[in-house]
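One file, start.txt, carrying compact mmCIF, C-alpha atoms:
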```txt
# COMPACT_ATOMS: atom_id res chain seq x y z
CA MET A 1 -9.26 1.38 24.26
CA ASN A 2 -11.37 -0.57 21.81
CA HIS A 3 -12.65 1.43 18.85
CA PRO A 4 -14.94 -0.11 16.26
CA SER A 5 -12.83 -0.22 13.11
CA HIS A 6 -15.44 1.49 10.95
CA SER A 7 -15.58 4.67 13.03
CA SER A 8 -11.89 5.28 13.61
CA PRO A 9 -9.04 4.62 11.17
CA SER A 10 -6.02 2.88 12.63
CA ALA A 11 -2.71 4.65 13.13
CA LEU A 12 -1.23 2.45 10.41
CA THR A 13 -3.92 3.51 7.94
CA LEU A 14 -3.38 7.16 8.81
CA LYS A 15 0.40 6.87 8.45
CA LYS A 16 -0.03 5.31 5.01
CA GLU A 17 -2.42 8.09 4.00
CA LEU A 18 0.02 10.71 5.28
CA GLU A 19 2.89 9.21 3.26
CA ASP A 20 0.66 9.19 0.20
CA LEU A 21 -0.37 12.81 0.82
CA ASN A 22 3.24 13.91 1.25
CA ARG A 23 4.10 12.29 -2.10
CA LYS A 24 1.15 14.03 -3.75
CA ILE A 25 2.11 17.37 -2.17
CA ALA A 26 5.65 17.06 -3.51
CA GLU A 27 4.28 16.29 -6.99
CA ALA A 28 1.76 19.14 -6.83
CA GLU A 29 4.46 21.60 -5.77
CA LYS A 30 6.66 20.51 -8.68
CA THR A 31 3.87 20.99 -11.19
CA GLY A 32 2.53 24.16 -9.59
CA SER A 33 -0.82 22.51 -9.05
CA GLU A 34 -3.62 24.35 -7.29
CA HIS A 35 -4.26 21.20 -5.23
CA VAL A 36 -1.25 21.84 -2.96
CA HIS A 37 -3.24 23.77 -0.37
CA ALA A 38 -6.03 21.18 -0.13
CA LEU A 39 -3.50 18.36 0.17
CA GLN A 40 -1.59 20.19 2.89
CA LYS A 41 -4.83 20.82 4.76
CA ARG A 42 -5.70 17.11 4.60
CA ALA A 43 -2.17 16.14 5.69
CA HIS A 44 -2.54 18.45 8.67
CA GLU A 45 -5.86 16.80 9.61
CA VAL A 46 -4.34 13.32 9.33
CA THR A 47 -1.39 14.41 11.49
CA GLU A 48 -3.80 15.70 14.15
CA GLN A 49 -5.74 12.42 14.08
CA LEU A 50 -2.50 10.49 14.54
CA THR A 51 -1.55 12.73 17.45
CA ARG A 52 -4.89 12.08 19.12
CA LEU A 53 -4.57 8.33 18.58
CA SER A 54 -1.08 8.14 20.03
CA SER A 55 -1.75 10.30 23.09
```

Just dump the structure as structure tokens.
Amino acid sequence: MNHPSHSSPSALTLKKELEDLNRKIAEAEKTGSEHVHALQKRAHEVTEQLTRLSS
């Protein structure tokens, strides 16, 4: 399948974002930040996008 790059992020981009999110989640949990939930929600969305891309 050929997706225009502007409409659909690549799996590599998503994996990088997910790694970044996981780092931020770990930091937020350590500091008791209220951002944890939002970060986890975004990580879940990225994971679902990756799943769709790889299926």

What lies within 9 Å of Leu53 of chain A using all atoms listed in the file, ignoring chain neighbours under 4 positions off, as a ChimeraX atom specification?
-> /A:10-11,48-49

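For the atom pair formed by atom CA of Lys24 of chain A and atom CA of His44 of chain A, the distance is 13.7 Å, given to one decimal.
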
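Coordinates place atom CA of Leu50 of chain A at a distance of 14.7 Å from atom CA of Asp20 of chain A.
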
Please list as a PDB file with C-alpha atoms, keeping the file's coordinate frame every residue within 10 Å of Thr13 of chain A, counting only C-alpha atoms and excluding residues in the same chain fewer than 5 positions away.
```pdb
ATOM      1  CA  SER A   8     -11.890   5.280  13.610  1.00  0.00           C
ATOM      2  CA  LEU A  18       0.020  10.710   5.280  1.00  0.00           C
ATOM      3  CA  VAL A  46      -4.340  13.320   9.330  1.00  0.00           C
ATOM      4  CA  LEU A  50      -2.500  10.490  14.540  1.00  0.00           C
TER       5      LEU A  50
END
```

In terms of the shortest atom-to-atom distance over only C-alpha atoms, which of A:Pro9, A:Ser54, A:Ile25, A:Lys16 is closest to Leu39 of chain A?
->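 Using only C-alpha atoms, the shortest distance to Leu39 of chain A belongs to A:Ile25.
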
Restricting to only C-alpha atoms, whichever of A:Ala38, A:Ser33, A:Ala43, A:Thr51 is closest to Leu21 of chain A is A:Ala43

Quick one, how far is atom CA of Lys15 of chain A from atom CA of Gln40 of chain A?
->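 Taking atom CA of Lys15 of chain A as the start and atom CA of Gln40 of chain A as the end point, the length is 14.6 Å.
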